[in-house]
Amino acid sequence: QVVSQGWKYFRGHFYYFSQISKTWYSAQQICISRDSHLTSVTSEREQEFLYRTADRLPYWIGLTKAGSEGDWHWVDGTPYNKVQSKKFWIPGEPNNYGNNEHCVNLKTPSLRSWNDASCDSTFPFICKRPYKPSEP
Ligand code: 2F8
Ligand code: CA
């Protein structure tokens, strides 16, 4: 079926790995236009799937503290679990480098792979949408 072209299935969701680079906000707008959001990460299995598929390129994910008085949150509405998420940050991150890093990318090929970066930087990005079997 054509609607899922370019989307990869993993455990109940479809993921789209873009081949173009966008700012974080533009990337999220593109995901929304395709019935999805920049991806959340809620388990080690999911994180592993993402960094393996990313294959050493940095990609925007759906974590930001823009527009929330400094609290990290997922744009797809998933609650951000600070304790569970600690193991996904690169050691030393998030460091808010230059006092201007409010968006997150998946940067290194390991479970500890998140870096906060300037939302105005351009990177490829990963959209995620639930797999919903259509009505018969
Ligand atoms: O050393 C980690 C540091 O590296 C860069 O800043 C020098 C990153 N900046 C960008 O990706 C724009 C920082 O986010 C990162 O913390
Ligand atoms: Ca950083």
# chains A, B, ... in the order shown; residues from 1 in each chain; ligands from 1

call {"tool": "residues_near_ligand", "arguments": {"ligand": "ligand 2", "cutoff": "8 Å", "atoms": "only C-alpha atoms and all ligand atoms", "output": "PyMOL selection string"}}
result
chain A and resi 93-97+101+115-117

call {"tool": "write_last_selection", "arguments": {"atoms": "all heavy atoms", "output": "mmCIF file, in the first residue's frame"}}
result
data_model
loop_
_atom_site.group_PDB
_atom_site.id
_atom_site.type_symbol
_atom_site.label_atom_id
_atom_site.label_comp_id
_atom_site.auth_asym_id
_atom_site.auth_seq_id
_atom_site.Cartn_x
_atom_site.Cartn_y
_atom_site.Cartn_z
ATOM 1 N N GLU A 93 25.488 15.723 28.539
ATOM 2 C CA GLU A 93 24.319 16.391 27.939
ATOM 3 C C GLU A 93 23.095 16.182 28.825
ATOM 4 O O GLU A 93 23.037 15.185 29.540
ATOM 5 C CB GLU A 93 24.057 15.837 26.535
ATOM 6 C CG GLU A 93 25.238 15.887 25.588
ATOM 7 C CD GLU A 93 25.672 17.302 25.226
ATOM 8 O OE1 GLU A 93 24.926 18.259 25.515
ATOM 9 O OE2 GLU A 93 26.758 17.437 24.671
ATOM 10 N N PRO A 94 22.096 17.027 28.789
ATOM 11 C CA PRO A 94 22.036 18.255 27.991
ATOM 12 C C PRO A 94 22.858 19.373 28.652
ATOM 13 O O PRO A 94 22.792 19.539 29.864
ATOM 14 C CB PRO A 94 20.545 18.600 28.017
ATOM 15 C CG PRO A 94 20.023 17.989 29.289
ATOM 16 C CD PRO A 94 20.875 16.789 29.559
ATOM 17 N N ASN A 95 23.627 20.096 27.853
ATOM 18 C CA ASN A 95 24.490 21.139 28.422
ATOM 19 C C ASN A 95 24.053 22.552 28.038
ATOM 20 O O ASN A 95 24.694 23.521 28.432
ATOM 21 C CB ASN A 95 25.950 20.900 28.024
ATOM 22 C CG ASN A 95 26.169 20.989 26.523
ATOM 23 O OD1 ASN A 95 25.206 21.133 25.763
ATOM 24 N ND2 ASN A 95 27.411 20.917 26.097
ATOM 25 N N ASN A 96 22.999 22.663 27.239
ATOM 26 C CA ASN A 96 22.488 23.987 26.846
ATOM 27 C C ASN A 96 23.620 24.904 26.367
ATOM 28 O O ASN A 96 23.735 26.049 26.794
ATOM 29 C CB ASN A 96 21.725 24.625 28.015
ATOM 30 C CG ASN A 96 20.841 25.766 27.560
ATOM 31 O OD1 ASN A 96 20.547 25.913 26.374
ATOM 32 N ND2 ASN A 96 20.437 26.615 28.500
ATOM 33 N N TYR A 97 24.425 24.374 25.463
ATOM 34 C CA TYR A 97 25.603 25.068 24.951
ATOM 35 C C TYR A 97 25.228 26.434 24.375
ATOM 36 O O TYR A 97 24.275 26.533 23.601
ATOM 37 C CB TYR A 97 26.260 24.203 23.869
ATOM 38 C CG TYR A 97 27.610 24.685 23.409
ATOM 39 C CD1 TYR A 97 28.769 24.344 24.112
ATOM 40 C CD2 TYR A 97 27.728 25.459 22.258
ATOM 41 C CE1 TYR A 97 30.010 24.773 23.688
ATOM 42 C CE2 TYR A 97 28.975 25.891 21.824
ATOM 43 C CZ TYR A 97 30.116 25.545 22.544
ATOM 44 O OH TYR A 97 31.341 25.977 22.114
ATOM 45 N N GLU A 101 20.203 25.891 23.500
ATOM 46 C CA GLU A 101 19.931 24.548 22.991
ATOM 47 C C GLU A 101 18.656 24.007 23.627
ATOM 48 O O GLU A 101 18.675 23.490 24.745
ATOM 49 C CB GLU A 101 21.120 23.616 23.282
ATOM 50 C CG GLU A 101 22.385 24.074 22.561
ATOM 51 C CD GLU A 101 23.455 23.005 22.490
ATOM 52 O OE1 GLU A 101 23.709 22.379 23.526
ATOM 53 O OE2 GLU A 101 24.032 22.798 21.405
ATOM 54 N N ASN A 115 21.575 14.578 22.328
ATOM 55 C CA ASN A 115 22.253 15.857 22.559
ATOM 56 C C ASN A 115 21.238 16.985 22.399
ATOM 57 O O ASN A 115 20.426 16.954 21.472
ATOM 58 C CB ASN A 115 23.375 16.049 21.533
ATOM 59 C CG ASN A 115 24.023 17.411 21.660
ATOM 60 O OD1 ASN A 115 24.333 17.867 22.759
ATOM 61 N ND2 ASN A 115 24.206 18.087 20.519
ATOM 62 N N ASP A 116 21.284 17.958 23.297
ATOM 63 C CA ASP A 116 20.482 19.150 23.061
ATOM 64 C C ASP A 116 21.241 20.068 22.097
ATOM 65 O O ASP A 116 22.461 20.201 22.185
ATOM 66 C CB ASP A 116 20.102 19.870 24.368
ATOM 67 C CG ASP A 116 21.289 20.313 25.192
ATOM 68 O OD1 ASP A 116 22.410 19.832 24.938
ATOM 69 O OD2 ASP A 116 21.104 21.141 26.099
ATOM 70 N N ALA A 117 20.529 20.649 21.156
ATOM 71 C CA ALA A 117 21.137 21.485 20.121
ATOM 72 C C ALA A 117 20.202 22.657 19.839
ATOM 73 O O ALA A 117 19.041 22.665 20.272
ATOM 74 C CB ALA A 117 21.363 20.667 18.845
#

call {"tool": "residues_around", "arguments": {"residues": "A:Arg56", "least_positions_apart": "6", "cutoff": "10 Å", "atoms": "only C-alpha atoms", "output": "compact mmCIF listing (two decimals) with N, CA and C atoms, in the first residue's frame"}}
result
# COMPACT_ATOMS: atom_id res chain seq x y z
N LEU A 106 19.19 12.81 18.10
CA LEU A 106 19.78 11.52 18.37
C LEU A 106 21.08 11.52 17.58
N LYS A 107 22.21 11.56 18.29
CA LYS A 107 23.47 11.95 17.66
C LYS A 107 24.48 10.83 17.50
N THR A 108 24.51 9.89 18.45
CA THR A 108 25.54 8.86 18.40
C THR A 108 24.90 7.46 18.34
N PRO A 109 25.62 6.49 17.75
CA PRO A 109 25.05 5.14 17.63
C PRO A 109 25.21 4.35 18.92
N SER A 110 24.48 4.73 19.95
CA SER A 110 24.49 3.98 21.20
C SER A 110 23.24 4.32 21.98

call {"tool": "select_by_dssp", "arguments": {"residues": "stretch 40-123 of chain A", "states": "strand (DSSP E)", "output": "ChimeraX atom specification"}}
result
/A:59-64,73-74,103-106,114-117

call {"tool": "residues_around", "arguments": {"residues": "stretch 30-33 of chain A", "least_positions_apart": "5", "cutoff": "12 Å", "atoms": "only C-alpha atoms", "output": "PDB file with N, CA, C and O atoms, in the first residue's frame"}}
result
ATOM      1  N   TRP A   7       8.133   4.390   5.131  1.00  0.00           N
ATOM      2  CA  TRP A   7       7.957   4.283   6.581  1.00  0.00           C
ATOM      3  C   TRP A   7       8.386   2.898   7.026  1.00  0.00           C
ATOM      4  O   TRP A   7       8.079   1.902   6.374  1.00  0.00           O
ATOM      5  N   PHE A  14       4.854   3.341  12.904  1.00  0.00           N
ATOM      6  CA  PHE A  14       5.634   3.556  11.693  1.00  0.00           C
ATOM      7  C   PHE A  14       6.545   4.762  11.891  1.00  0.00           C
ATOM      8  O   PHE A  14       6.144   5.749  12.517  1.00  0.00           O
ATOM      9  N   TYR A  15       7.756   4.657  11.363  1.00  0.00           N
ATOM     10  CA  TYR A  15       8.771   5.716  11.513  1.00  0.00           C
ATOM     11  C   TYR A  15       9.268   6.142  10.138  1.00  0.00           C
ATOM     12  O   TYR A  15       9.516   5.303   9.278  1.00  0.00           O
ATOM     13  N   TYR A  16       9.434   7.458   9.989  1.00  0.00           N
ATOM     14  CA  TYR A  16       9.924   8.012   8.737  1.00  0.00           C
ATOM     15  C   TYR A  16      11.261   8.705   8.981  1.00  0.00           C
ATOM     16  O   TYR A  16      11.343   9.644   9.778  1.00  0.00           O
ATOM     17  N   PHE A  17      12.304   8.227   8.330  1.00  0.00           N
ATOM     18  CA  PHE A  17      13.635   8.836   8.445  1.00  0.00           C
ATOM     19  C   PHE A  17      13.837   9.730   7.237  1.00  0.00           C
ATOM     20  O   PHE A  17      13.985   9.251   6.114  1.00  0.00           O
ATOM     21  N   SER A  18      13.834  11.043   7.446  1.00  0.00           N
ATOM     22  CA  SER A  18      13.895  11.974   6.313  1.00  0.00           C
ATOM     23  C   SER A  18      15.269  11.931   5.655  1.00  0.00           C
ATOM     24  O   SER A  18      16.264  11.574   6.293  1.00  0.00           O
ATOM     25  N   ILE A  20      16.101  14.788   4.006  1.00  0.00           N
ATOM     26  CA  ILE A  20      16.416  16.211   3.929  1.00  0.00           C
ATOM     27  C   ILE A  20      16.606  16.756   5.341  1.00  0.00           C
ATOM     28  O   ILE A  20      16.097  16.198   6.308  1.00  0.00           O
ATOM     29  N   SER A  21      17.353  17.872   5.444  1.00  0.00           N
ATOM     30  CA  SER A  21      17.594  18.512   6.729  1.00  0.00           C
ATOM     31  C   SER A  21      16.671  19.709   6.897  1.00  0.00           C
ATOM     32  O   SER A  21      16.460  20.480   5.958  1.00  0.00           O
ATOM     33  N   LYS A  22      16.117  19.852   8.087  1.00  0.00           N
ATOM     34  CA  LYS A  22      15.212  20.969   8.398  1.00  0.00           C
ATOM     35  C   LYS A  22      15.508  21.464   9.807  1.00  0.00           C
ATOM     36  O   LYS A  22      16.093  20.738  10.610  1.00  0.00           O
ATOM     37  N   THR A  23      15.068  22.700  10.113  1.00  0.00           N
ATOM     38  CA  THR A  23      15.100  23.132  11.508  1.00  0.00           C
ATOM     39  C   THR A  23      14.135  22.241  12.282  1.00  0.00           C
ATOM     40  O   THR A  23      13.263  21.584  11.689  1.00  0.00           O
ATOM     41  N   TRP A  24      14.280  22.267  13.603  1.00  0.00           N
ATOM     42  CA  TRP A  24      13.430  21.379  14.415  1.00  0.00           C
ATOM     43  C   TRP A  24      11.943  21.664  14.180  1.00  0.00           C
ATOM     44  O   TRP A  24      11.153  20.746  13.977  1.00  0.00           O
ATOM     45  N   TYR A  25      11.582  22.952  14.172  1.00  0.00           N
ATOM     46  CA  TYR A  25      10.173  23.323  14.026  1.00  0.00           C
ATOM     47  C   TYR A  25       9.626  22.937  12.648  1.00  0.00           C
ATOM     48  O   TYR A  25       8.518  22.398  12.545  1.00  0.00           O
ATOM     49  N   LEU A  38       7.344  14.383  15.360  1.00  0.00           N
ATOM     50  CA  LEU A  38       8.718  13.979  15.615  1.00  0.00           C
ATOM     51  C   LEU A  38       8.681  12.907  16.703  1.00  0.00           C
ATOM     52  O   LEU A  38       7.885  12.970  17.641  1.00  0.00           O
ATOM     53  N   THR A  39       9.550  11.918  16.586  1.00  0.00           N
ATOM     54  CA  THR A  39       9.413  10.717  17.404  1.00  0.00           C
ATOM     55  C   THR A  39       9.678  10.941  18.888  1.00  0.00           C
ATOM     56  O   THR A  39      10.526  11.759  19.266  1.00  0.00           O
ATOM     57  N   TRP A  60      16.855  14.859  14.249  1.00  0.00           N
ATOM     58  CA  TRP A  60      15.965  15.478  15.238  1.00  0.00           C
ATOM     59  C   TRP A  60      14.968  14.448  15.763  1.00  0.00           C
ATOM     60  O   TRP A  60      14.431  13.654  14.983  1.00  0.00           O
ATOM     61  N   ILE A  61      14.698  14.510  17.079  1.00  0.00           N
ATOM     62  CA  ILE A  61      13.598  13.758  17.670  1.00  0.00           C
ATOM     63  C   ILE A  61      12.644  14.758  18.337  1.00  0.00           C
ATOM     64  O   ILE A  61      12.932  15.959  18.386  1.00  0.00           O
ATOM     65  N   GLY A  62      11.535  14.253  18.863  1.00  0.00           N
ATOM     66  CA  GLY A  62      10.454  15.147  19.294  1.00  0.00           C
ATOM     67  C   GLY A  62      10.542  15.665  20.712  1.00  0.00           C
ATOM     68  O   GLY A  62       9.507  15.900  21.333  1.00  0.00           O
ATOM     69  N   VAL A  75       6.694  16.164  21.894  1.00  0.00           N
ATOM     70  CA  VAL A  75       5.646  16.841  21.120  1.00  0.00           C
ATOM     71  C   VAL A  75       4.475  15.935  20.759  1.00  0.00           C
ATOM     72  O   VAL A  75       3.430  16.433  20.371  1.00  0.00           O
ATOM     73  N   ASP A  76       4.629  14.618  20.884  1.00  0.00           N
ATOM     74  CA  ASP A  76       3.483  13.746  20.594  1.00  0.00           C
ATOM     75  C   ASP A  76       2.604  13.541  21.822  1.00  0.00           C
ATOM     76  O   ASP A  76       1.652  12.753  21.786  1.00  0.00           O
ATOM     77  N   PRO A 124      18.440  16.062   9.480  1.00  0.00           N
ATOM     78  CA  PRO A 124      17.358  15.158   9.106  1.00  0.00           C
ATOM     79  C   PRO A 124      16.549  14.823  10.355  1.00  0.00           C
ATOM     80  O   PRO A 124      16.962  15.154  11.479  1.00  0.00           O
ATOM     81  N   PHE A 125      15.399  14.209  10.184  1.00  0.00           N
ATOM     82  CA  PHE A 125      14.485  14.054  11.322  1.00  0.00           C
ATOM     83  C   PHE A 125      13.702  12.752  11.205  1.00  0.00           C
ATOM     84  O   PHE A 125      13.611  12.157  10.129  1.00  0.00           O
ATOM     85  N   ILE A 126      13.141  12.329  12.343  1.00  0.00           N
ATOM     86  CA  ILE A 126      12.382  11.072  12.396  1.00  0.00           C
ATOM     87  C   ILE A 126      10.952  11.352  12.847  1.00  0.00           C
ATOM     88  O   ILE A 126      10.734  11.878  13.944  1.00  0.00           O
ATOM     89  N   CYS A 127       9.984  11.023  11.981  1.00  0.00           N
ATOM     90  CA  CYS A 127       8.563  11.122  12.344  1.00  0.00           C
ATOM     91  C   CYS A 127       8.080   9.749  12.814  1.00  0.00           C
ATOM     92  O   CYS A 127       8.579   8.720  12.365  1.00  0.00           O
ATOM     93  N   LYS A 128       7.067   9.756  13.696  1.00  0.00           N
ATOM     94  CA  LYS A 128       6.490   8.513  14.240  1.00  0.00           C
ATOM     95  C   LYS A 128       4.974   8.626  14.251  1.00  0.00           C
ATOM     96  O   LYS A 128       4.444   9.654  14.654  1.00  0.00           O
ATOM     97  N   ARG A 129       4.315   7.574  13.778  1.00  0.00           N
ATOM     98  CA  ARG A 129       2.855   7.550  13.901  1.00  0.00           C
ATOM     99  C   ARG A 129       2.391   6.146  14.248  1.00  0.00           C
ATOM    100  O   ARG A 129       3.022   5.156  13.867  1.00  0.00           O
TER     101      ARG A 129
END

call {"tool": "atom_distance", "arguments": {"atom1": "atom CA of A:Arg112", "atom2": "atom CA of A:Trp72"}}
result
17.0 Å

call {"tool": "residues_around", "arguments": {"residues": "A:Thr78", "least_positions_apart": "4", "cutoff": "8 Å", "atoms": "only C-alpha atoms", "output": "PDB file with C-alpha atoms, in the first residue's frame"}}
result
ATOM      1  CA  SER A  40       9.260  10.088  21.116  1.00  0.00           C
ATOM      2  CA  HIS A  73       8.470  17.457  26.860  1.00  0.00           C
ATOM      3  CA  TRP A  74       7.592  15.184  23.934  1.00  0.00           C
TER       4      TRP A  74
END

call {"tool": "select_by_dssp", "arguments": {"residues": "chain A", "states": "helix (DSSP H, G or I)", "output": "ChimeraX atom specification"}}
result
/A:2-4,24-33,44-54,82-88,97-99

call {"tool": "closest_residue", "arguments": {"among": "A:Pro133, A:Gly77, A:Pro58, A:Gly70", "to": "ligand 1", "atoms": "only C-alpha atoms and all ligand atoms"}}
result
A:Pro58

call {"tool": "residues_around", "arguments": {"residues": "A:Lys86", "least_positions_apart": "3", "cutoff": "12 Å", "atoms": "only C-alpha atoms", "output": "MDAnalysis selection string"}}
result
chainID A and resid 41:44 80:83 89:94 111:115

call {"tool": "write_last_selection", "arguments": {"atoms": "C-alpha atoms", "output": "PDB file, in the first residue's frame"}}
result
ATOM      1  CA  VAL A  41      11.508   7.480  22.736  1.00  0.00           C
ATOM      2  CA  THR A  42       9.955   5.436  25.515  1.00  0.00           C
ATOM      3  CA  SER A  43      12.049   2.274  25.802  1.00  0.00           C
ATOM      4  CA  GLU A  44      15.538   0.908  25.266  1.00  0.00           C
ATOM      5  CA  TYR A  80       8.614  12.897  29.676  1.00  0.00           C
ATOM      6  CA  ASN A  81      10.038  10.544  32.298  1.00  0.00           C
ATOM      7  CA  LYS A  82      13.169  12.243  33.635  1.00  0.00           C
ATOM      8  CA  VAL A  83      14.412   9.204  35.571  1.00  0.00           C
ATOM      9  CA  TRP A  89      21.520  11.354  27.068  1.00  0.00           C
ATOM     10  CA  ILE A  90      25.146  11.476  25.925  1.00  0.00           C
ATOM     11  CA  PRO A  91      27.303  11.850  29.064  1.00  0.00           C
ATOM     12  CA  GLY A  92      27.579  15.600  29.763  1.00  0.00           C
ATOM     13  CA  GLU A  93      24.319  16.391  27.939  1.00  0.00           C
ATOM     14  CA  PRO A  94      22.036  18.255  27.991  1.00  0.00           C
ATOM     15  CA  LEU A 111      21.796   3.885  23.880  1.00  0.00           C
ATOM     16  CA  ARG A 112      23.330   7.110  25.241  1.00  0.00           C
ATOM     17  CA  SER A 113      22.767   9.198  22.174  1.00  0.00           C
ATOM     18  CA  TRP A 114      20.784  12.362  22.865  1.00  0.00           C
ATOM     19  CA  ASN A 115      22.253  15.857  22.559  1.00  0.00           C
TER      20      ASN A 115
END

call {"tool": "closest_residue", "arguments": {"among": "A:Ser68, A:Thr53, A:Lys87, A:His13", "to": "A:His37", "atoms": "only C-alpha atoms"}}
result
A:His13

call {"tool": "closest_residue", "arguments": {"among": "A:Asp71, A:Asp120, A:Asp35, A:Glu46", "to": "ligand 1", "atoms": "only C-alpha atoms and all ligand atoms"}}
result
A:Asp120
